[in-house]
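Engineer: Before anything else, here's the structure in question.
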Amino acid sequence: MHAIVIDDSRAMRLILRRIATQIGFEVLEAEHGQEALDILATADPIPTLALIDWNMPVMNGLEFVVAVRADPRLRGMTLMMVTTESEQSNIVRALAAGAHEYVVKPFTPDAIVEKLALLGLAPSGASA
Amino acid sequence: MSISTGPTSEDLRVIAEEVWASYLDPEGIRPLLLDYSPDEKLDGSDGEVSAAVSVTGAWRGHVVVACTSAASKHAAAALLGIGLDDVGGDDVADALGELANVIGGNVKSLLPEPSALSLPHVVIAGPSSGSRWPAVTELCRLSATWYDEPIVVSVLESTSREGASAA
């Protein structure tokens, strides 16, 4: 399985890459939504999972979710927001736009893995 | 505008301890210590690093994380999983910026909605928060030490609309 981590922080991309790698994903990285779309335009295979920050330059995470949902080629992707935006209204906006899950920073590796397990993308009971 | 309720120093403590437990000290070996005297303020000297995010909307102001250069290097090393000697300026900017982003996002959740969070702004060896944002009042502050180095998190409320933009 492949995943793409989209976050403008190199440190956060590294943390999420470690978690995803430990449960078996091969990981791509992008610094913002537009870079991720550019990568996905030629990705083969298309990643199963995207871990997406909200506040990023160029294209934010919500705009990325909307763009992915508008592209039939990417309809199979599971989208998980991983962000500091914790207001209920923003969670509702992201889920309404097509995100499958929502994790608020700071998070523990186990919190990410548990969410992925609920989505069938990590073994139940796995830990990172 | 002023708010009657908002984040307190206790809120900052809870948020900071969660950030440290998640990213900087997951093993509980080097926790954030709340024994730092507020009188020993970071003074904006050459050794200071600060990262800030601005909040705009129903509440306007800034959340600032300031620390010594030494503490910022420890943070970068911990977040990026690299040795202290390998930490460069870009690493410090990335790490402190993300700390400000995470802490600021959690502070924003305690403020009136709707509001938006800016991207982080990092100043290495820059002036202290007091001189960077003259049109603000300090709403609350957390003073702590990590690796025996001072770290201060402060929430600054803008006293004018023009004062809300990061310097």
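Residues are named by chain letter and number: chains run A, B, ... in the order of the structure tokens, numbers start at 1 in each chain, and ligands are numbered from 1 in the order shown.
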Sorted by chain and rising residue number, list the residues of chain B at most 7 Å from chain A (counting only C-alpha atoms), each with its closest atom pair and distance in Å to one decimal, as a tab-separated table.

Structural biologist:
```
residue	atom	partner	partner_atom	distance
B:Glu18	CA	A:Pro106	CA	6.9
B:Val19	CA	A:Pro106	CA	5.7
B:Ser22	CA	A:Thr108	CA	5.4
B:Leu79	CA	A:Ala11	CA	5.7
B:Leu80	CA	A:Ala11	CA	5.2
B:Asp94	CA	A:Ser9	CA	6.0
B:Ala95	CA	A:Ala11	CA	6.2
B:Glu98	CA	A:Ser9	CA	6.3
B:Val102	CA	A:Thr84	CA	5.5
B:Gly105	CA	A:Thr84	CA	4.7
B:Asn106	CA	A:Thr84	CA	6.4
B:Ser109	CA	A:Glu87	CA	5.9
B:Leu119	CA	A:Asn55	CA	6.7
```

Engineer: I'd like to know which residues of region 16-111 of chain A are alpha helix (DSSP H) (by DSSP, run on the backbone); could you write them as an NGL selection string?

Structural biologist: :A and (16-22 or 33-42 or 61-69 or 88-97 or 109-111)

Engineer: Among chain B, which residues does DSSP mark as strand (DSSP E or B) when it is run on the backbone? Keep the chain and numbering as in the structure and answer as number ranges by chain.

Structural biologist: B: 33, 48-57, 61-68, 115-117, 121-124, 136-146, 149-158

Engineer: Just checking: using only C-alpha atoms, which residue out of A:His32, A:Lys115, A:Arg17, A:Arg69 ends up closest to Ala96 (chain A)?

Structural biologist: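 Among the listed residues, A:Arg69 lies closest to Ala96 (chain A).
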
Engineer: So the first atom is CA of Leu142 (chain B) and the second is CA of Leu111 (chain B); what is the distance between them in Å, to one decimal place?

Structural biologist: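 Interatomic distance here is 17.2 Å.
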
Engineer: Nearest residue to Ala16 (chain B) out of B:Ala125, B:Leu32, B:Val63, B:Thr137, using only C-alpha atoms?

Structural biologist: B:Leu32

Engineer: Hey, which of A:Ser124, A:Ala94, A:Asp7, A:Arg73 ends up closest to Asp44 (chain A)? Count only C-alpha atoms.

Structural biologist: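 With only C-alpha atoms as the atom set, the closest residue is A:Arg73.
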
Engineer: Name all residues at most 7 Å from Ile4 (chain A) (count only C-alpha atoms; drop same-chain ones fewer than 5 positions away) and give them as a PDB file with C-alpha atoms, in the first residue's frame.

Structural biologist:
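Just written: result_16.pdb:
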```pdb
ATOM      1  CA  VAL A  27       5.162   6.910   1.664  1.00  0.00           C
ATOM      2  CA  LEU A  28       5.249   9.891  -0.663  1.00  0.00           C
ATOM      3  CA  GLU A  29       5.480  13.440   0.666  1.00  0.00           C
ATOM      4  CA  PRO A  47      -1.867   6.005  -2.974  1.00  0.00           C
ATOM      5  CA  LEU A  49      -4.231   6.941   1.871  1.00  0.00           C
ATOM      6  CA  ALA A  50      -3.579  10.664   2.204  1.00  0.00           C
ATOM      7  CA  LEU A  51      -2.708  12.235   5.569  1.00  0.00           C
TER       8      LEU A  51
END
```

Engineer: Kindly indicate which residue among A:Ile39, A:Val65, A:Val103, A:Ala97 lies nearest to Leu16 (chain A), using only C-alpha atoms for the distances.

Structural biologist: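 Result for the nearest residue to Leu16 (chain A): A:Val103.
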
Engineer: When you draw a straight line from CA of Ala67 (chain A) to CA of Pro45 (chain A), how long is it in Å?

Structural biologist: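 Straight-line distance from CA of Ala67 (chain A) to CA of Pro45 (chain A) works out to 18.5 Å.
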
Engineer: May I ask which of the residues A:Gly125, A:Ala70, A:Met59, A:Gly98 is the closest one to Glu35 (chain A), counting only C-alpha atoms?

Structural biologist: A:Met59

Engineer: Using only C-alpha atoms, can you tell me which of B:Pro120, B:Pro31, B:Pro26, B:Pro114 comes closest to Trp146 (chain B)?

Structural biologist: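 Comparing B:Pro120, B:Pro31, B:Pro26, B:Pro114 against Trp146 (chain B), the winner is B:Pro31.
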